[in-house]
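A short worksheet on the structure shown next.
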Amino acid sequence: MGYEGHIKPVMDTIPFIKMHGLGNDFVVIDARQDPVAVSSGGARAIADRHHGIGCDQVILIEPSADGLGDVFMRILNADGGEVAACGNATRCVASLLMAEKGADHVVIETAGGLLDAEKGDGGLICVDMGRARLDWRDIPLSEATDTLHLPISENGLTDGCAVNMGNPHLVFFVDDAESVALETLGPKLERHPLFPERTNVEVVQVLSPDKLRLRVWERGAGITNACGTGACAALVAAHRRGLSERRAEVVLDGGTLVVEWLADDHVLLTGPVSSSFSGELDQNLLTAGKAS
């Protein structure tokens, strides 16, 4: 017996594109023409890999607030919290806008500021992530602390560095990144009291002065295949420690990004982007859990 006549077309849906940068994946929604409001619970529902679409972050493309950018990019983590920066999402949105405009350069406005993006060789997308912020107030930390040597120790991880790349990062250097139980240590360190806004956590193995191995626990998302701001933070921390050059390949679980810390303190992030599929999501997902 078939199901003809029992399946009704889905109404009130919102188009989306599923994209990723080295496996760091996003549900991208264009909200420029028709405003789209996603609740915290809605972001969690969309990001759920069993009941929703599944992603590390939900990305809303909105009109630029002040007209200085081509668009405004809103970022919602898998746990529903809104954040100011995501390097790989910026590269994904930039690639969409470049294709739409037939341009090799776009400016994306975020809660963390304006980000310039350019198309590079082989379809790679390069984003100027802005200046690395290193003062304890800018991370932010809960008290005055040397950001190059943090008084944090957790199960073998010691002497971390703090870097803000539009969001806070806690970077540890280790002999073997693969052996670190990041799934256990990540959630503890994310909520360390020294970081009042929580933090991303990175473990870095220096393979050579121009090559780093990186594993990442993202604030609000958990272990991810790649993290653009994390790669930037790792390179900045490594160079500050005298462990790397100002430009290096950063090898993540999902592949390799190239990071360069310029003399003016701006950090360039370069890598590939991919579109996985497009579809439509039920509007009921957008407000899931709103009543609670």
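Residue numbering restarts at 1 in every chain; chains get A, B, ... in the order shown in the structure tokens, and ligands count up from 1 in that same order.
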Quiz item: Please, which residues of stretch 12-96 of chain A, numbered as in this document, come out strand (DSSP E or B) from DSSP, as a count of residues only?
Solution: 31
Close residues, A:Gly87 itself excluded, 8 Å, only C-alpha atoms, min 4 positions apart in chain, as a ChimeraX atom specification: /A:91,127,129,227-229,269
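Minimum atom-to-atom distances from A:Glu197, A:Thr90, A:Leu182, A:Ala47 to A:Asp138 were compared using only C-alpha atoms, and the lowest value belongs to A:Glu197.
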* **Shell of 7 Å around stretch 158-171 of chain A, only C-alpha atoms, local chain residues under 6 positions omitted, as a ChimeraX atom specification** => /A:84-85,112,132-134,138-139,147-152,199-203,229-230,233-234,237
- Skip A:Val251 itself and residues of its chain fewer than 3 positions away, then list as a ChimeraX atom specification all residues within 9 Å of it, counting only C-alpha atoms. /A:211-215,226,231,254-258
Skip stretch 241-247 of chain A itself and residues of its chain fewer than 4 positions away, then list as number ranges by chain all residues within 7 Å of it, counting only C-alpha atoms. A: 209-210, 237, 259-261
Take the residues that were just selected and, keeping C-alpha atoms, output them as a PDB file, in the first residue's frame.
ATOM      1  CA  PRO A 209      57.958  26.549  12.688  1.00  0.00           C
ATOM      2  CA  ASP A 210      55.521  26.745   9.766  1.00  0.00           C
ATOM      3  CA  ALA A 237      49.956  32.143  20.595  1.00  0.00           C
ATOM      4  CA  VAL A 259      47.074  31.620   8.935  1.00  0.00           C
ATOM      5  CA  GLU A 260      49.276  34.707   8.744  1.00  0.00           C
ATOM      6  CA  TRP A 261      49.751  37.277  11.517  1.00  0.00           C
TER       7      TRP A 261
END
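Neighbouring residues of A:Ala144 at 9 Å or closer, counting only C-alpha atoms and skipping chain neighbours under 4 positions away, are A:Asp135, A:Trp136, A:Arg137.
Omitting stretch 18-23 of chain A and its sequence neighbours fewer than 3 positions away, and counting only C-alpha atoms, the residues within 8 Å are Phe26, Val27, Val28, Asn88, Ala89, Arg91, Cys92, Thr224, Asn225, Ala226, Gly254, Gly255, Thr256, Gly271, Pro272, Val273, Ser274, Ser275, Ser276, Phe277 and Ser278 of chain A.
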task = Write down as an MDAnalysis selection string the residues belonging to stretch 128-236 of chain A that are assigned alpha helix (DSSP H) by DSSP computed on the backbone.
result = chainID A and resid 182:190 228:236
Give me a file of those residues, with N, CA and C atoms, as a compact mmCIF listing (two decimals), in the first residue's frame.
# COMPACT_ATOMS: atom_id res chain seq x y z
N LEU A 182 40.32 15.68 24.92
CA LEU A 182 39.66 16.97 24.75
C LEU A 182 38.16 16.89 25.03
N GLU A 183 37.57 15.73 24.77
CA GLU A 183 36.14 15.56 25.02
C GLU A 183 35.82 15.65 26.50
N THR A 184 36.79 15.38 27.35
CA THR A 184 36.62 15.47 28.80
C THR A 184 37.08 16.82 29.34
N LEU A 185 38.24 17.27 28.86
CA LEU A 185 38.82 18.51 29.36
C LEU A 185 38.15 19.76 28.78
N GLY A 186 37.67 19.65 27.56
CA GLY A 186 37.07 20.80 26.89
C GLY A 186 35.92 21.44 27.67
N PRO A 187 34.91 20.67 28.07
CA PRO A 187 33.79 21.28 28.79
C PRO A 187 34.18 21.89 30.13
N LYS A 188 35.19 21.32 30.79
CA LYS A 188 35.65 21.89 32.07
C LYS A 188 36.35 23.23 31.84
N LEU A 189 37.27 23.24 30.87
CA LEU A 189 38.05 24.44 30.62
C LEU A 189 37.22 25.54 29.98
N GLU A 190 36.23 25.17 29.19
CA GLU A 190 35.34 26.17 28.58
C GLU A 190 34.72 27.07 29.64
N GLY A 228 38.08 28.32 12.51
CA GLY A 228 38.90 29.37 11.91
C GLY A 228 39.51 30.30 12.94
N THR A 229 38.70 30.79 13.87
CA THR A 229 39.27 31.68 14.89
C THR A 229 40.24 30.93 15.79
N GLY A 230 39.98 29.63 16.00
CA GLY A 230 40.90 28.81 16.79
C GLY A 230 42.25 28.66 16.10
N ALA A 231 42.22 28.48 14.77
CA ALA A 231 43.48 28.39 14.01
C ALA A 231 44.26 29.70 14.12
N CYS A 232 43.54 30.82 14.05
CA CYS A 232 44.19 32.13 14.19
C CYS A 232 44.81 32.29 15.58
N ALA A 233 44.04 31.92 16.60
CA ALA A 233 44.53 32.03 17.97
C ALA A 233 45.75 31.15 18.20
N ALA A 234 45.74 29.96 17.62
CA ALA A 234 46.87 29.03 17.78
C ALA A 234 48.14 29.61 17.18
N LEU A 235 48.04 30.18 15.98
CA LEU A 235 49.21 30.76 15.34
C LEU A 235 49.74 31.96 16.12
N VAL A 236 48.84 32.83 16.57
CA VAL A 236 49.26 34.00 17.34
C VAL A 236 49.96 33.57 18.63
Atom CA of A:Met73 to atom CA of A:Leu60 measures 5.8 Å
